[in-house]
$ cat target18.txt   # compact mmCIF, C-alpha atoms
# COMPACT_ATOMS: atom_id res chain seq x y z
CA MET W 17 -37.22 9.44 13.16
CA ALA W 18 -33.55 8.71 12.42
CA ILE W 19 -31.54 11.90 12.84
CA MET W 20 -29.86 11.58 9.43
CA GLU W 21 -33.00 10.85 7.43
CA GLN W 22 -33.18 12.65 4.07
CA GLN W 23 -29.39 12.88 3.98
CA ALA W 24 -27.02 11.08 1.59
CA VAL W 25 -23.33 10.81 2.39
CA TYR W 26 -20.37 10.67 0.01
CA LEU W 27 -17.16 9.54 1.71
CA VAL W 28 -13.52 9.97 0.65
CA SER W 29 -11.00 7.94 2.66
CA LEU W 30 -7.33 8.93 2.49
CA GLY W 31 -4.21 7.38 3.99
CA CYS W 32 -3.39 3.95 5.31
CA PRO W 33 -5.55 0.91 6.19
CA LYS W 34 -5.74 2.13 9.80
CA ASN W 35 -7.47 5.26 8.52
CA LEU W 36 -9.72 3.11 6.33
CA VAL W 37 -11.06 1.42 9.45
CA ASP W 38 -11.95 4.87 10.82
CA SER W 39 -13.76 5.56 7.54
CA GLU W 40 -15.71 2.32 7.97
CA VAL W 41 -16.75 3.53 11.44
CA ILE W 42 -17.77 6.93 10.01
CA ALA W 43 -19.90 5.23 7.37
CA GLY W 44 -21.42 2.88 9.92
CA ASN W 45 -22.31 5.75 12.23
CA LEU W 46 -23.99 7.84 9.56
CA LEU W 47 -25.85 5.00 7.85
CA SER W 48 -27.06 3.46 11.12
CA ASN W 49 -28.55 6.85 11.96
CA GLY W 50 -30.61 7.05 8.78
CA ALA W 51 -28.31 8.47 6.09
CA ALA W 52 -28.27 6.95 2.62
CA TRP W 53 -25.10 6.05 0.73
CA ALA W 54 -24.09 8.23 -2.22
CA TYR W 55 -21.84 6.73 -4.86
CA THR W 56 -21.06 10.09 -6.47
CA PRO W 57 -20.74 13.61 -5.01
CA GLU W 58 -23.70 14.77 -7.10
CA GLU W 59 -25.99 12.35 -5.24
CA ALA W 60 -24.82 13.57 -1.82
CA THR W 61 -25.98 16.18 0.65
CA ILE W 62 -23.06 15.43 2.98
CA TYR W 63 -19.46 15.16 1.73
CA VAL W 64 -17.00 13.64 4.24
CA ILE W 65 -13.23 13.56 3.75
CA ASN W 66 -11.30 11.40 6.22
CA THR W 67 -7.76 12.72 6.01
CA CYS W 68 -4.18 11.65 6.62
CA ALA W 69 -1.56 14.20 7.71
CA PHE W 70 1.43 11.94 8.33
CA LEU W 71 3.67 13.45 5.63
CA PRO W 72 3.67 16.59 3.47
CA GLU W 73 2.46 14.51 0.52
CA ALA W 74 -0.50 13.30 2.57
CA ARG W 75 -1.44 16.84 3.51
CA GLU W 76 -1.16 17.91 -0.12
CA GLU W 77 -3.49 15.08 -1.13
CA ALA W 78 -5.93 16.12 1.58
CA GLU W 79 -5.91 19.70 0.29
CA GLN W 80 -6.64 18.49 -3.23
CA GLU W 81 -9.66 16.56 -1.97
CA ILE W 82 -10.85 19.44 0.20
CA SER W 83 -10.67 21.74 -2.83
CA LEU W 84 -12.91 19.33 -4.74
CA GLY W 85 -15.29 19.24 -1.80
CA ALA W 86 -15.30 23.03 -1.56
CA ALA W 87 -16.22 23.32 -5.25
CA TRP W 88 -18.98 20.75 -4.70
CA LYS W 89 -20.41 22.82 -1.86
CA ASP W 90 -20.12 26.13 -3.73
CA ALA W 91 -22.21 24.66 -6.55
CA LEU W 92 -25.31 24.61 -4.27
CA PRO W 93 -24.74 27.12 -1.45
CA GLY W 94 -26.72 26.44 1.70
CA GLU W 95 -27.85 22.98 0.61
CA ARG W 96 -24.74 20.91 1.22
CA THR W 97 -22.52 20.02 4.21
CA LEU W 98 -18.75 19.56 3.89
CA ILE W 99 -16.91 17.73 6.68
CA VAL W 100 -13.19 17.10 7.14
CA CYS W 101 -12.27 14.36 9.62
CA GLY W 102 -9.22 12.72 11.04
CA CYS W 103 -5.55 13.55 11.25
CA LEU W 104 -5.54 16.85 9.35
CA SER W 105 -8.07 18.26 11.81
CA GLN W 106 -5.78 17.21 14.67
CA TYR W 107 -2.75 18.61 12.84
CA ASP W 108 -4.40 22.01 12.26
CA LYS W 109 -3.90 23.34 15.78
CA ASP W 110 -3.23 26.87 14.53
CA GLY W 111 -6.27 26.95 12.25
CA VAL W 112 -4.28 27.43 9.05
CA TYR W 113 -6.30 24.91 7.05
CA SER W 114 -9.67 25.88 8.51
CA ALA W 115 -8.99 29.51 7.56
CA LYS W 116 -7.92 28.47 4.06
CA TYR W 117 -11.10 26.45 3.44
CA PRO W 118 -14.07 28.34 4.91
CA GLN W 119 -16.45 26.09 2.96
CA VAL W 120 -15.77 23.29 5.47
CA ASP W 121 -18.67 23.17 7.95
CA ILE W 122 -17.14 20.73 10.45
CA TRP W 123 -13.52 19.90 11.27
CA ALA W 124 -13.87 16.64 13.21
CA GLY W 125 -11.01 14.97 15.09
CA VAL W 126 -9.87 11.37 15.31
CA ASP W 127 -12.17 10.73 18.29
CA ASP W 128 -15.27 11.92 16.43
CA VAL W 129 -15.57 9.06 13.94
CA ALA W 130 -18.32 7.22 15.85
CA ARG W 131 -20.32 10.32 16.80
CA LEU W 132 -20.38 12.29 13.58
CA SER W 133 -24.16 12.03 13.23
CA ASP W 134 -24.63 13.77 16.60
CA ILE W 135 -22.17 16.52 15.61
CA ILE W 136 -24.01 17.12 12.32
CA SER W 137 -27.36 17.29 14.08
CA GLY W 138 -26.06 19.66 16.75
CA LYS W 139 -26.29 17.17 19.61
CA GLY W 140 -22.58 17.40 20.36
CA GLY W 141 -19.47 19.32 19.48
CA VAL W 142 -16.17 18.22 17.98
CA SER W 143 -13.44 16.87 20.21
CA ARG W 144 -9.68 17.28 20.11
CA SER W 145 -9.11 14.39 22.50
CA LYS W 146 -7.22 11.28 21.39
CA ASP W 147 -8.44 8.37 23.48
CA TYR W 148 -11.15 6.65 21.39
CA ILE W 149 -10.98 3.12 20.05
CA TYR W 150 -13.96 1.37 18.48
CA ASP W 151 -15.24 -2.04 19.58
CA ALA W 152 -17.04 -5.01 18.06
CA ASP W 153 -20.45 -3.45 18.75
CA THR W 154 -19.66 -0.22 16.91
CA PRO W 155 -21.69 0.13 13.69
CA LEU W 156 -19.24 -0.32 10.83
CA LEU W 157 -19.64 -0.50 7.06
CA GLN W 158 -16.98 -2.68 5.45
CA LEU W 159 -15.43 -0.69 2.61
CA THR W 160 -12.98 -3.36 1.46
CA LEU W 161 -13.66 -6.31 -0.80
CA PRO W 162 -15.95 -8.81 0.99
CA HIS W 163 -13.19 -11.40 1.40
CA THR W 164 -10.76 -8.96 3.05
CA ALA W 165 -11.29 -7.35 6.45
CA TYR W 166 -9.04 -4.94 8.34
CA ILE W 167 -9.24 -5.19 12.12
CA LYS W 168 -7.69 -2.33 14.07
CA ILE W 169 -6.54 -3.85 17.36
CA ALA W 170 -5.18 -0.61 18.85
CA ASP W 171 -4.79 3.06 18.10
CA GLY W 172 -2.16 5.62 19.08
CA CYS W 173 1.50 4.99 19.78
CA ASN W 174 3.97 5.26 22.67
CA ASN W 175 7.16 4.69 20.68
CA ILE W 176 7.83 8.43 20.17
CA CYS W 177 10.16 8.02 17.19
CA SER W 178 11.95 11.33 16.76
CA TYR W 179 10.78 11.86 13.17
CA CYS W 180 7.15 10.86 13.64
CA ALA W 181 4.10 13.01 14.38
CA ILE W 182 1.70 10.11 14.96
CA PRO W 183 1.59 10.41 18.79
CA ARG W 184 0.72 14.11 18.39
CA LEU W 185 -2.04 13.24 15.93
CA ARG W 186 -3.38 9.97 17.33
CA GLY W 187 -2.39 10.04 21.01
CA SER W 188 -1.00 7.33 23.29
CA ILE W 189 -1.65 3.67 22.64
CA ARG W 190 -5.06 2.30 23.56
CA SER W 191 -5.59 -1.39 22.96
CA ARG W 192 -8.85 -3.26 22.57
CA ARG W 193 -9.60 -6.33 24.67
CA ILE W 194 -8.83 -9.73 23.21
CA ALA W 195 -12.42 -10.94 23.53
CA ASP W 196 -13.63 -7.87 21.65
CA VAL W 197 -11.17 -8.36 18.78
CA VAL W 198 -12.11 -12.03 18.56
CA ALA W 199 -15.79 -11.09 18.37
CA GLU W 200 -15.11 -8.78 15.42
CA ALA W 201 -13.03 -11.47 13.73
CA GLU W 202 -15.85 -14.00 14.14
CA ASN W 203 -18.30 -11.54 12.60
CA ALA W 204 -15.96 -10.91 9.67
CA ILE W 205 -15.44 -14.61 9.00
CA SER W 206 -19.17 -15.35 9.18
CA SER W 207 -19.72 -12.51 6.67
CA GLY W 208 -17.34 -14.10 4.17
CA ALA W 209 -13.91 -12.68 4.98
CA SER W 210 -11.11 -15.11 4.22
CA GLU W 211 -8.28 -12.68 5.01
CA LEU W 212 -8.12 -10.86 8.34
CA ILE W 213 -5.53 -8.09 8.42
CA LEU W 214 -4.49 -6.89 11.87
CA VAL W 215 -3.47 -3.23 11.93
CA ALA W 216 -2.39 -0.60 14.45
CA GLN W 217 0.40 1.93 14.62
CA ASP W 218 2.37 -0.92 16.22
CA ILE W 219 0.53 -4.22 16.63
CA THR W 220 3.44 -5.69 18.62
CA ALA W 221 2.68 -3.14 21.36
CA PHE W 222 -0.88 -4.49 21.69
CA GLY W 223 -1.90 -4.72 25.35
CA SER W 224 1.10 -2.78 26.67
CA ASP W 225 -1.26 -0.12 28.04
CA HIS W 226 -2.88 -2.62 30.44
CA PRO W 227 -0.11 -5.17 31.21
CA GLN W 228 -1.83 -6.30 34.39
CA ASP W 229 -4.38 -8.14 32.24
CA LYS W 230 -1.67 -10.17 30.50
CA GLU W 231 -3.20 -9.44 27.11
CA ASP W 232 -0.56 -9.08 24.41
CA LEU W 233 -0.11 -9.95 20.73
CA PRO W 234 0.88 -13.62 21.30
CA ALA W 235 -2.21 -14.09 23.48
CA LEU W 236 -4.43 -12.43 20.86
CA LEU W 237 -3.00 -14.55 18.06
CA ARG W 238 -3.57 -17.70 20.12
CA GLU W 239 -7.28 -16.89 20.46
CA LEU W 240 -7.72 -15.85 16.84
CA ASP W 241 -6.01 -19.01 15.66
CA LYS W 242 -8.61 -21.09 17.53
CA LEU W 243 -11.44 -19.77 15.35
CA ASP W 244 -13.05 -22.13 12.85
CA GLY W 245 -13.10 -21.49 9.14
CA GLU W 246 -10.91 -21.19 6.09
CA PHE W 247 -9.18 -17.88 6.67
CA GLY W 248 -5.75 -16.38 7.03
CA ILE W 249 -4.33 -13.73 9.35
CA ARG W 250 -1.96 -11.09 7.95
CA LEU W 251 0.16 -8.89 10.24
CA LEU W 252 0.86 -5.25 9.35
CA TYR W 253 3.02 -2.72 11.20
CA THR W 254 5.12 -4.63 13.72
CA HIS W 255 8.07 -3.04 15.53
CA PRO W 256 11.44 -4.83 15.80
CA ALA W 257 11.93 -3.64 19.41
CA HIS W 258 8.83 -5.47 20.61
CA TYR W 259 9.39 -8.97 19.27
CA THR W 260 9.71 -11.59 22.01
CA ASP W 261 10.56 -15.28 22.11
CA GLU W 262 6.91 -15.91 22.96
CA LEU W 263 5.82 -14.11 19.80
CA PHE W 264 8.25 -16.09 17.64
CA SER W 265 6.93 -19.33 19.17
CA ARG W 266 3.34 -18.29 18.57
CA LEU W 267 4.01 -17.43 14.92
CA ALA W 268 5.69 -20.79 14.42
CA GLU W 269 2.65 -22.65 15.79
CA MET W 270 -0.16 -20.80 14.02
CA LYS W 271 -2.21 -22.69 11.46
CA HIS W 272 -4.03 -19.58 10.17
CA LEU W 273 -1.02 -17.30 9.79
CA ILE W 274 -0.38 -15.90 6.33
CA PRO W 275 3.44 -16.09 6.05
CA TYR W 276 3.84 -12.35 5.62
CA VAL W 277 5.01 -9.78 8.17
CA ASP W 278 5.36 -6.03 7.83
CA ILE W 279 8.23 -4.82 10.02
CA PRO W 280 9.44 -1.25 9.37
CA LEU W 281 13.14 -1.15 10.25
CA GLN W 282 13.90 2.46 9.18
CA HIS W 283 17.72 2.13 9.35
CA ILE W 284 20.60 -0.10 10.42
CA SER W 285 23.20 2.39 11.68
CA ASP W 286 23.24 2.29 15.48
CA ARG W 287 23.80 6.03 15.70
CA ILE W 288 20.89 6.77 13.37
CA LEU W 289 18.63 4.27 15.16
CA LYS W 290 19.41 6.01 18.45
CA ALA W 291 18.73 9.41 16.91
CA MET W 292 15.42 8.01 15.62
CA ASN W 293 14.58 6.77 19.15
CA ARG W 294 13.81 3.34 17.74
CA HIS W 295 14.60 1.45 21.01
CA VAL W 296 16.57 -1.18 19.08
CA ASP W 297 20.10 -1.61 17.70
CA SER W 298 21.48 -3.24 14.57
CA LYS W 299 22.39 -6.48 16.32
CA ARG W 300 18.83 -6.97 17.54
CA ILE W 301 17.37 -6.10 14.14
CA VAL W 302 19.43 -8.82 12.46
CA GLU W 303 18.49 -11.25 15.24
CA VAL W 304 14.78 -10.51 14.82
CA ILE W 305 14.91 -11.07 11.07
CA GLU W 306 16.80 -14.34 11.46
CA LYS W 307 14.40 -15.62 14.14
CA LEU W 308 11.41 -14.57 12.06
CA ARG W 309 12.67 -16.48 9.05
CA GLU W 310 13.40 -19.49 11.24
CA ALA W 311 9.98 -19.43 12.94
CA VAL W 312 8.02 -18.99 9.70
CA PRO W 313 9.83 -20.72 6.82
CA GLY W 314 9.28 -18.92 3.53
CA VAL W 315 7.92 -15.81 5.25
CA THR W 316 7.62 -12.68 3.14
CA ILE W 317 9.12 -9.75 5.01
CA ARG W 318 8.03 -6.27 4.04
CA THR W 319 9.98 -3.34 5.46
CA THR W 320 10.55 0.39 5.07
CA PHE W 321 13.57 2.63 5.52
CA ILE W 322 14.17 6.36 5.88
CA THR W 323 17.10 8.10 4.22
CA GLY W 324 18.46 11.53 5.06
CA LEU W 325 17.72 11.80 8.77
CA PRO W 326 19.69 14.81 10.09
CA GLY W 327 23.35 13.92 10.25
CA GLU W 328 23.17 10.76 8.13
CA SER W 329 26.66 10.42 6.67
CA GLU W 330 27.66 8.81 3.40
CA GLU W 331 29.21 6.01 5.44
CA GLU W 332 25.96 5.41 7.32
CA PHE W 333 23.99 5.43 4.09
CA SER W 334 26.46 2.91 2.61
CA GLN W 335 25.96 0.76 5.70
CA LEU W 336 22.22 0.79 5.06
CA GLU W 337 22.71 -0.02 1.37
CA LYS W 338 24.95 -2.98 2.21
CA PHE W 339 22.46 -4.25 4.79
CA ILE W 340 19.61 -4.18 2.29
CA LYS W 341 21.63 -6.09 -0.27
CA THR W 342 22.67 -8.66 2.33
CA MET W 343 19.24 -9.29 3.85
CA LYS W 344 17.36 -9.52 0.52
CA PHE W 345 13.97 -8.21 1.59
CA ASP W 346 10.96 -9.47 -0.35
CA ARG W 347 9.06 -6.17 -0.23
CA MET W 348 10.51 -2.78 0.59
CA GLY W 349 9.73 0.92 0.56
CA VAL W 350 12.14 3.81 1.13
CA PHE W 351 11.14 7.34 2.12
CA PRO W 352 13.29 10.46 2.06
CA TYR W 353 13.20 12.22 5.42
CA SER W 354 11.32 15.48 5.63
CA PRO W 355 11.06 17.38 8.94
CA GLU W 356 7.68 17.28 10.64
CA PRO W 357 6.95 20.39 12.74
CA GLY W 358 6.95 19.66 16.46
CA THR W 359 9.01 16.48 16.25
CA PRO W 360 12.48 16.21 17.85
CA ALA W 361 14.15 15.43 14.53
CA ALA W 362 12.90 18.69 13.04
CA GLY W 363 15.08 20.57 15.53
CA MET W 364 18.22 18.47 15.07
CA ALA W 365 21.42 19.95 13.73
CA ASP W 366 22.91 18.94 10.37
CA GLN W 367 19.63 18.86 8.44
CA ILE W 368 20.28 17.16 5.11
CA PRO W 369 18.93 18.75 1.92
CA PHE W 370 15.79 16.98 0.79
CA GLU W 371 17.35 16.46 -2.65
CA VAL W 372 20.12 14.39 -1.04
CA ALA W 373 17.68 12.31 1.01
CA GLU W 374 15.55 11.81 -2.10
CA ALA W 375 18.53 10.70 -4.22
CA ARG W 376 19.56 8.19 -1.56
CA ALA W 377 16.03 6.79 -1.39
CA ALA W 378 15.86 6.54 -5.17
CA LYS W 379 19.16 4.63 -5.26
CA LEU W 380 17.89 2.05 -2.79
CA MET W 381 14.57 1.65 -4.58
CA ALA W 382 16.32 1.23 -7.93
CA TYR W 383 18.26 -1.67 -6.43
CA GLN W 384 15.10 -3.14 -4.94
CA ARG W 385 13.24 -3.01 -8.25
CA LYS W 386 16.05 -4.92 -9.94
CA ALA W 387 16.14 -7.45 -7.10
CA MET W 388 12.39 -7.99 -7.32
CA ALA W 389 12.58 -8.38 -11.09
CA ARG W 390 15.19 -11.12 -10.64
CA ALA W 391 13.07 -12.80 -7.95
CA ASN W 392 9.96 -12.67 -10.16
CA LYS W 393 11.78 -14.26 -13.09
CA LYS W 394 12.72 -17.18 -10.83
CA LEU W 395 9.02 -17.72 -10.16
CA VAL W 396 8.21 -18.36 -13.83
CA GLY W 397 7.11 -21.98 -14.16
CA THR W 398 6.26 -22.35 -10.47
CA GLU W 399 2.79 -22.69 -8.96
CA LEU W 400 1.09 -20.29 -6.55
CA GLU W 401 -2.20 -20.15 -4.72
CA VAL W 402 -3.82 -16.75 -5.16
CA THR W 403 -6.99 -14.90 -4.18
CA VAL W 404 -9.08 -13.10 -6.81
CA ASP W 405 -9.56 -9.45 -5.85
CA CYS W 406 -11.31 -8.21 -8.98
CA ILE W 407 -12.05 -9.05 -12.61
CA GLU W 408 -10.78 -6.90 -15.49
CA GLY W 409 -11.94 -8.29 -18.82
CA ASP W 410 -10.22 -11.60 -19.49
CA PHE W 411 -7.93 -11.22 -16.48
CA ALA W 412 -8.42 -11.67 -12.76
CA VAL W 413 -6.36 -9.36 -10.57
CA CYS W 414 -5.12 -11.59 -7.78
CA ARG W 415 -2.78 -11.65 -4.81
CA GLY W 416 -0.68 -14.39 -3.28
CA ASN W 417 0.46 -14.68 0.32
CA ALA W 418 3.40 -12.40 -0.44
CA ASP W 419 1.21 -9.40 -1.22
CA ALA W 420 -0.97 -7.23 1.01
CA PRO W 421 -3.90 -5.45 -0.67
CA ASP W 422 -3.23 -2.03 -2.19
CA ILE W 423 0.39 -2.13 -0.97
CA ASP W 424 2.30 -4.83 -2.80
CA ASN W 425 2.28 -6.51 -6.18
CA VAL W 426 -0.48 -8.40 -7.97
CA VAL W 427 -0.81 -11.50 -10.12
CA TYR W 428 -2.73 -11.13 -13.41
CA VAL W 429 -4.42 -14.44 -14.21
CA ASP W 430 -5.81 -15.26 -17.65
CA ILE W 431 -9.41 -16.35 -17.07
CA ALA W 432 -10.72 -16.26 -20.65
CA ARG W 433 -13.70 -18.64 -20.99
CA ARG W 434 -13.58 -19.47 -17.27
CA ARG W 435 -16.09 -18.65 -14.55
CA VAL W 436 -14.22 -16.93 -11.74
CA SER W 437 -15.53 -14.70 -8.96
CA GLU W 438 -14.02 -12.26 -6.50
CA GLY W 439 -12.77 -14.07 -3.42
CA ASP W 440 -12.06 -17.35 -5.23
CA ARG W 441 -8.82 -19.15 -4.43
CA LEU W 442 -7.00 -20.35 -7.56
CA ARG W 443 -4.02 -22.58 -8.17
CA VAL W 444 -2.01 -20.90 -10.93
CA GLU W 445 1.23 -21.32 -12.80
CA VAL W 446 3.40 -18.25 -13.30
CA ALA W 447 3.82 -17.69 -17.03
CA GLY W 448 5.69 -14.37 -17.06
CA THR W 449 6.21 -10.96 -15.50
CA SER W 450 4.86 -7.45 -16.06
CA LYS W 451 7.07 -4.85 -14.39
CA SER W 452 6.90 -5.83 -10.70
CA ASP W 453 3.79 -7.98 -11.14
CA LEU W 454 3.28 -11.57 -12.28
CA VAL W 455 1.22 -13.04 -15.13
CA ALA W 456 -0.21 -16.53 -14.66
CA ILE W 457 -2.56 -19.17 -16.00
CA ILE W 458 -4.99 -21.32 -14.01
CA LYS W 459 -3.76 -24.79 -13.12
CA LYS W 460 -6.64 -25.80 -10.90
CA GLY W 461 -9.31 -23.55 -9.46
CA LYS W 462 -11.25 -23.97 -6.28
CA LYS W 463 -13.80 -21.80 -4.52
CA LYS W 464 -13.90 -21.16 -0.83
$ encode --input "target18.txt" --output "structure tokens"
Amino acid sequence: MAIMEQQAVYLVSLGCPKNLVDSEVIAGNLLSNGAAWAYTPEEATIYVINTCAFLPEAREEAEQEISLGAAWKDALPGERTLIVCGCLSQYDKDGVYSAKYPQVDIWAGVDDVARLSDIISGKGGVSRSKDYIYDADTPLLQLTLPHTAYIKIADGCNNICSYCAIPRLRGSIRSRRIADVVAEAENAISSGASELILVAQDITAFGSDHPQDKEDLPALLRELDKLDGEFGIRLLYTHPAHYTDELFSRLAEMKHLIPYVDIPLQHISDRILKAMNRHVDSKRIVEVIEKLREAVPGVTIRTTFITGLPGESEEEFSQLEKFIKTMKFDRMGVFPYSPEPGTPAAGMADQIPFEVAEARAAKLMAYQRKAMARANKKLVGTELEVTVDCIEGDFAVCRGNADAPDIDNVVYVDIARRRVSEGDRLRVEVAGTSKSDLVAIIKKGKKK
């Protein structure tokens, strides 16, 4: 008898796409061991919350969800199981959250995602280790749209940025083998995925934990690009310090590459970059961006910045503002710095009031919104190829190459009196704008 028989699981996944992959592993583990899938909490006997704890806002969101789960459990005492997984469990070393929410039956760590069924059934205890990475044979339930698949190629991080708690939460980098990643990609393509999204804390560090095998990101991309089928590869979370000439050459040669790269830069002041422990200076950042644009003509570059790191002067903030205006990034996010306990930056002198950091971030984002509005207006009258993500009445919510799912903008396409399905590729003409999004009409549709 399957150990989870007679159980139904309701799953809440918080945080980034990397965490979503962990949620897919959780779901695969429980369902492959006999559990049923619950679409609402009321249908469930097991309520799982896979948490993020990267920032205070993420921990607040996790608490909100745990409170909902606690109320769910209190409604039928003794009949329901509440489980909190992931980064918040790793973060809660002092037991503050577990004491606050006694309704939680199991606090499972990041290494427990593929063994949750054994923990629930009492065949094993929770772990606080941080050395697990799933493989292509791991049971996994895809939680994204059928045409989009996230593939986590590594977990953990060795960059040790001074403001970041990820290494404390996720551990050191552990990369999968190229053959294993390729096997998962082949499975995803055969199941209908037309967009493969590679994720990790830093995909450009892939393979750095076993350099003797000569497996790195360029080598992985070479093998993925050999696969047959109509699909694209999108790259999220690259690091400017780890770009090489070999990587630029590989990107230039790829036939399956979606011309979109996420490359968090965080700042441009050399002093701030050093304080952040980013392993890169302003000259190299500019060089990387220029080489990227040369290697992949028309590439969409998405980046993020942090304002208000301890000691950031008005002059250094102005330097960042000028850099952003000069480089004209296609997609950008800005986050005000907030100290994370246990990180080097939290103990630095000259801590800047959060209100100042927040105001600086808001100023940069106000500029970016205006810049994107101008860029969108220039697209009116042009044609784009987009993918249909979902249907809302007479409109299809679509994305072009310039937009990653659930992160960037969308294209609303008028499909009145047309037969269109999720995953279709459409040729559209941009007819107008709606805030940061585009509105378009179909020029010529084709299905993949």
$ residues_around --input "target18.txt" --residues "Phe370 of chain W" --least-positions-apart "6" --cutoff "8 Å" --atoms "all atoms listed in the file" --output "ChimeraX atom specification"
/W:324,352-354
$ write_last_selection --input "target18.txt" --atoms "C-alpha atoms" --output "PDB file, in the coordinates of the input"
ATOM      1  CA  GLY W 324      18.460  11.530   5.060  1.00  0.00           C
ATOM      2  CA  PRO W 352      13.290  10.460   2.060  1.00  0.00           C
ATOM      3  CA  TYR W 353      13.200  12.220   5.420  1.00  0.00           C
ATOM      4  CA  SER W 354      11.320  15.480   5.630  1.00  0.00           C
TER       5      SER W 354
END
$ residues_around --input "target18.txt" --residues "Tyr117 of chain W" --least-positions-apart "4" --cutoff "12 Å" --atoms "only C-alpha atoms" --output "list in words"
Ala78, Glu79, Gln80, Glu81, Ile82, Ser83, Leu84, Gly85, Ala86, Ala87, Lys89, Asp90, Leu98, Ile99, Val100, Asp108, Gly111, Val112, Tyr113, Asp121, Ile122 and Trp123 of chain W
$ write_last_selection --input "target18.txt" --atoms "C-alpha atoms" --output "JSON list (two decimals), in the frame of the given file"
[["chain", "number", "residue", "atom", "x", "y", "z"],
["W", 78, "ALA", "CA", -5.93, 16.12, 1.58],
["W", 79, "GLU", "CA", -5.91, 19.70, 0.29],
["W", 80, "GLN", "CA", -6.64, 18.49, -3.23],
["W", 81, "GLU", "CA", -9.66, 16.56, -1.97],
["W", 82, "ILE", "CA", -10.85, 19.44, 0.20],
["W", 83, "SER", "CA", -10.67, 21.74, -2.83],
["W", 84, "LEU", "CA", -12.91, 19.33, -4.74],
["W", 85, "GLY", "CA", -15.29, 19.24, -1.80],
["W", 86, "ALA", "CA", -15.30, 23.03, -1.56],
["W", 87, "ALA", "CA", -16.22, 23.32, -5.25],
["W", 89, "LYS", "CA", -20.41, 22.82, -1.86],
["W", 90, "ASP", "CA", -20.12, 26.13, -3.73],
["W", 98, "LEU", "CA", -18.75, 19.56, 3.89],
["W", 99, "ILE", "CA", -16.91, 17.73, 6.68],
["W", 100, "VAL", "CA", -13.19, 17.10, 7.14],
["W", 108, "ASP", "CA", -4.40, 22.01, 12.26],
["W", 111, "GLY", "CA", -6.27, 26.95, 12.25],
["W", 112, "VAL", "CA", -4.28, 27.43, 9.05],
["W", 113, "TYR", "CA", -6.30, 24.91, 7.05],
["W", 121, "ASP", "CA", -18.67, 23.17, 7.95],
["W", 122, "ILE", "CA", -17.14, 20.73, 10.45],
["W", 123, "TRP", "CA", -13.52, 19.90, 11.27]]
$ residues_near_point --input "target18.txt" --point "(-10.4, 16.4, 20.1)" --cutoff "9 Å" --atoms "only C-alpha atoms" --output "PDB file with C-alpha atoms, in the frame of the given file"
ATOM      1  CA  SER W 105      -8.070  18.260  11.810  1.00  0.00           C
ATOM      2  CA  GLN W 106      -5.780  17.210  14.670  1.00  0.00           C
ATOM      3  CA  ALA W 124     -13.870  16.640  13.210  1.00  0.00           C
ATOM      4  CA  GLY W 125     -11.010  14.970  15.090  1.00  0.00           C
ATOM      5  CA  VAL W 126      -9.870  11.370  15.310  1.00  0.00           C
ATOM      6  CA  ASP W 127     -12.170  10.730  18.290  1.00  0.00           C
ATOM      7  CA  ASP W 128     -15.270  11.920  16.430  1.00  0.00           C
ATOM      8  CA  VAL W 142     -16.170  18.220  17.980  1.00  0.00           C
ATOM      9  CA  SER W 143     -13.440  16.870  20.210  1.00  0.00           C
ATOM     10  CA  ARG W 144      -9.680  17.280  20.110  1.00  0.00           C
ATOM     11  CA  SER W 145      -9.110  14.390  22.500  1.00  0.00           C
ATOM     12  CA  LYS W 146      -7.220  11.280  21.390  1.00  0.00           C
ATOM     13  CA  ASP W 147      -8.440   8.370  23.480  1.00  0.00           C
TER      14      ASP W 147
END
$ residues_near_point --input "target18.txt" --point "(26.0, 5.0, 15.5)" --cutoff "10 Å" --atoms "all atoms listed in the file" --output "list in words"
Ile284, Ser285, Asp286, Arg287, Ile288, Leu289, Lys290, Ala291, Asp297, Ser298, Glu328 and Glu332 of chain W
$ closest_residue --input "target18.txt" --among "W:Thr359, W:Ser265, W:Thr319, W:Gln217" --to "Lys307 of chain W" --atoms "all atoms listed in the file"
W:Ser265
$ residues_around --input "target18.txt" --residues "Tyr428 of chain W" --least-positions-apart "5" --cutoff "6 Å" --atoms "all atoms listed in the file" --output "ChimeraX atom specification"
/W:412-413,455
$ closest_residue --input "target18.txt" --among "W:Ser207, W:Ser137, W:Thr154, W:Gln367" --to "Pro355 of chain W" --atoms "only C-alpha atoms"
W:Gln367
$ axis_aligned_box --input "target18.txt" --around "segment 367-381 of chain W" --padding-each-side "6 Å" --output "JSON"
{"center_x": 17.4, "center_y": 10.3, "center_z": 1.6, "size_x": 17.7, "size_y": 29.2, "size_z": 25.7}
$ residues_around --input "target18.txt" --residues "Leu380 of chain W" --least-positions-apart "4" --cutoff "9 Å" --atoms "only C-alpha atoms" --output "list in words"
Glu337, Ile340, Gly349, Val350, Ala375, Arg376, Gln384 and Arg385 of chain W
$ closest_residue --input "target18.txt" --among "W:Arg250, W:Arg266, W:Lys379, W:Arg318" --to "Leu236 of chain W" --atoms "only C-alpha atoms"
W:Arg266
$ atom_distance --input "target18.txt" --atom1 "atom CA of Asn45 of chain W" --atom2 "atom CA of Ser224 of chain W"
28.8 Å
